[in-house]
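K.L.:
Okay, handing you the structure first.
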Amino acid sequence: MLCAAVRPTENPNHKERRVKTISKSVLATILCFVAISPLYAQAKDDGRLAKSAAVLEAIVNDSNMPVAILNQAECVLVFPSVKKVAVGIGASWGKGALVCRTGADHHGQWGAPVMYKLDSGSLGVQLGSTATDYVLAVMNQKGADQILNAKTKLGADANATAGPTGAQAQGYNAHSMNVDVLTYSRSKGLFAGVSLAGASMEPDDDGNKALYGAGANAASIVGGKQPMPAGAAPLVDYLNKTSPTYQ
């Protein structure tokens, strides 16, 4: 009589050890991911700050937004490489940084940056698929308070207009103008004043958490309650060197 081959039964002790080994491997992978994720997020935001510094320096050095404008600004927002993301609808969005002068009236030196998000809505139709850099100069206390306190829609919550360039910018006097925000853009290397009426912006909570830790918000960062992150040095140092005094 032929007997059917019988598959050897796995030793229970071996099986238990194998399960424990697999479990340890899975746990190690999870712990590694948890440890690396914040570092990856911070690296992305450091890169965002470096790009913001490069965009701001370019527009000032090319005299499209001269130091005369920067000297009168209480805050500056920079959104590098804003891209159209919904073909046929025209939605575009980007991430950047807000830097305000220190002090209750924002007339001191420049402080720590706040990560911000920009939704420029239908502007993507006008700009096409090319990535566009934006620089926004906040020219008075009303504009600064609005942008820091809530989600802001330009043209509705804060008065905004295309920023002057060249000779017009040199003679611009913010104190005599009823403009909260001056807006500029650069597409394909060319800067120009551009209307961002209808665009909205708000703090990037994930980005601020990656840079400053849980609990950080726009008010606490601008108020000097958070330490200056190392990645902010290129942007903040450039502002303090170029426009150390509010005028």
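Labeling convention for the structure tokens: chains A, B, ... as they appear, residues from 1 per chain, ligands from 1 in order of appearance.
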Can you list, as a PyMOL selection string, every protein, DNA or RNA residue that comes within 10 Å of A:Ala150 when you count only C-alpha atoms, leaving out same-chain residues fewer than 4 positions away?
P.N.:
chain A and resi 145-146+157+201-203+218
K.L.:
Can those selected residues be exported to a file as a compact mmCIF listing (two decimals), in the first residue's frame so that it contains C-alpha atoms?
P.N.:
```txt
# COMPACT_ATOMS: atom_id res chain seq x y z
CA ASP A 145 -3.11 92.37 10.80
CA GLN A 146 -5.52 90.87 8.26
CA ASP A 157 -10.18 91.37 2.94
CA MET A 201 -3.72 82.95 1.32
CA GLU A 202 -3.49 81.38 4.74
CA PRO A 203 -0.85 79.92 7.08
CA ALA A 218 1.48 82.88 12.76
```
K.L.:
Which residues come within 7 Å of A:Asp105, counting only C-alpha atoms, excluding same-chain residues fewer than 2 positions away, as a list in words?
P.N.:
Gly103, His107 and Gln141 of chain A
K.L.:
Mind running stretch 59-168 of chain A against stretch 228-241 of chain A at 7 Å and telling me each contacting residue's nearest atom pair with the distance in Å (one decimal), counting only C-alpha atoms, chain and number ascending, as a tab-separated table?
P.N.:
```
residue	atom	partner	partner_atom	distance
A:Gln109	CA	A:Asn240	CA	6.2
A:Trp110	CA	A:Asn240	CA	6.0
A:Gly111	CA	A:Val236	CA	6.9
A:Ala112	CA	A:Met228	CA	5.4
A:Pro113	CA	A:Ala232	CA	6.8
```
K.L.:
Among stretch 31-229 of chain A, which residues carry a DSSP assignment of strand (DSSP E), reported as a PyMOL selection string?
P.N.:
chain A and resi 75-86+91-100+114-119+132-138+152-153+160-162+181-187+190-193+200-203
K.L.:
Between A:Asn173, A:Gln168, A:Ser220, A:Ser195, which is the closest to A:Met65 once you count only C-alpha atoms?
P.N.:
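Among the listed residues, A:Gln168 lies closest to A:Met65.
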K.L.:
Sort by chain and increasing residue number a table of all residues of stretch 139-201 of chain A within 9 Å of stretch 75-82 of chain A, each with its closest pair of atoms and their distance in Å to one decimal, counting only C-alpha atoms, and write it as a Markdown table.
P.N.:
```
| residue | atom | partner | partner_atom | distance |
| --- | --- | --- | --- | --- |
| A:Met139 | CA | A:Cys75 | CA | 7.2 |
| A:Asn140 | CA | A:Cys75 | CA | 8.5 |
| A:Gly143 | CA | A:Cys75 | CA | 8.9 |
| A:Ala144 | CA | A:Cys75 | CA | 6.7 |
| A:Ser187 | CA | A:Ser81 | CA | 8.9 |
```
K.L.:
For the selection just defined, write its residues with C-alpha atoms to a file, as an mmCIF file, in the first residue's frame.
P.N.:
```cif
data_model
loop_
_atom_site.group_PDB
_atom_site.id
_atom_site.type_symbol
_atom_site.label_atom_id
_atom_site.label_comp_id
_atom_site.auth_asym_id
_atom_site.auth_seq_id
_atom_site.Cartn_x
_atom_site.Cartn_y
_atom_site.Cartn_z
ATOM 1 C CA MET A 139 2.489 98.157 3.150
ATOM 2 C CA ASN A 140 0.509 98.984 6.286
ATOM 3 C CA GLY A 143 -2.819 94.565 5.734
ATOM 4 C CA ALA A 144 -0.416 92.929 8.176
ATOM 5 C CA SER A 187 7.366 84.341 -15.221
#
```
K.L.:
Contacts of A:Val60 at 10 Å or less, counting only C-alpha atoms, minus same-chain residues fewer than 5 places along, as a PyMOL selection string?
P.N.:
chain A and resi 55+65-70+242
K.L.:
From the set A:Leu98, A:Ala131, A:Leu148, A:Val138, which residue has the shortest atom-to-atom contact distance to A:Lys188, counting only C-alpha atoms?
P.N.:
A:Ala131
K.L.:
Let's see if you can do this: from backbone DSSP, list all alpha helix (DSSP H) residues in stretch 155-239 of chain A, as an MDAnalysis selection string.
P.N.:
chainID A and resid 166:170 205:212 218:222 233:239
K.L.:
Could you tell me how far atom CA of A:Met115 sits from atom CA of A:Gly94, in Å to one decimal place?
P.N.:
11.0 Å
K.L.:
In Å to one decimal, how far is atom CA of A:Arg186 from atom CA of A:Gly166?
P.N.:
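Computing the Euclidean distance for atom CA of A:Gly166 and atom CA of A:Arg186 yields 15.0 Å.
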K.L.:
Give me, as a ChimeraX atom specification, all polymer residues having an atom no more than 8 Å from A:Arg48, counting only C-alpha atoms and skipping those fewer than 4 positions away in the same chain.
P.N.:
/A:44,52,80,95-97
K.L.:
Residues within 10 Å of A:Ala104, please, as an MDAnalysis selection string. Count only C-alpha atoms; anything in the same chain fewer than 2 positions from it doesn't count.
P.N.:
chainID A and resid 101:102 106:108 141 222:223
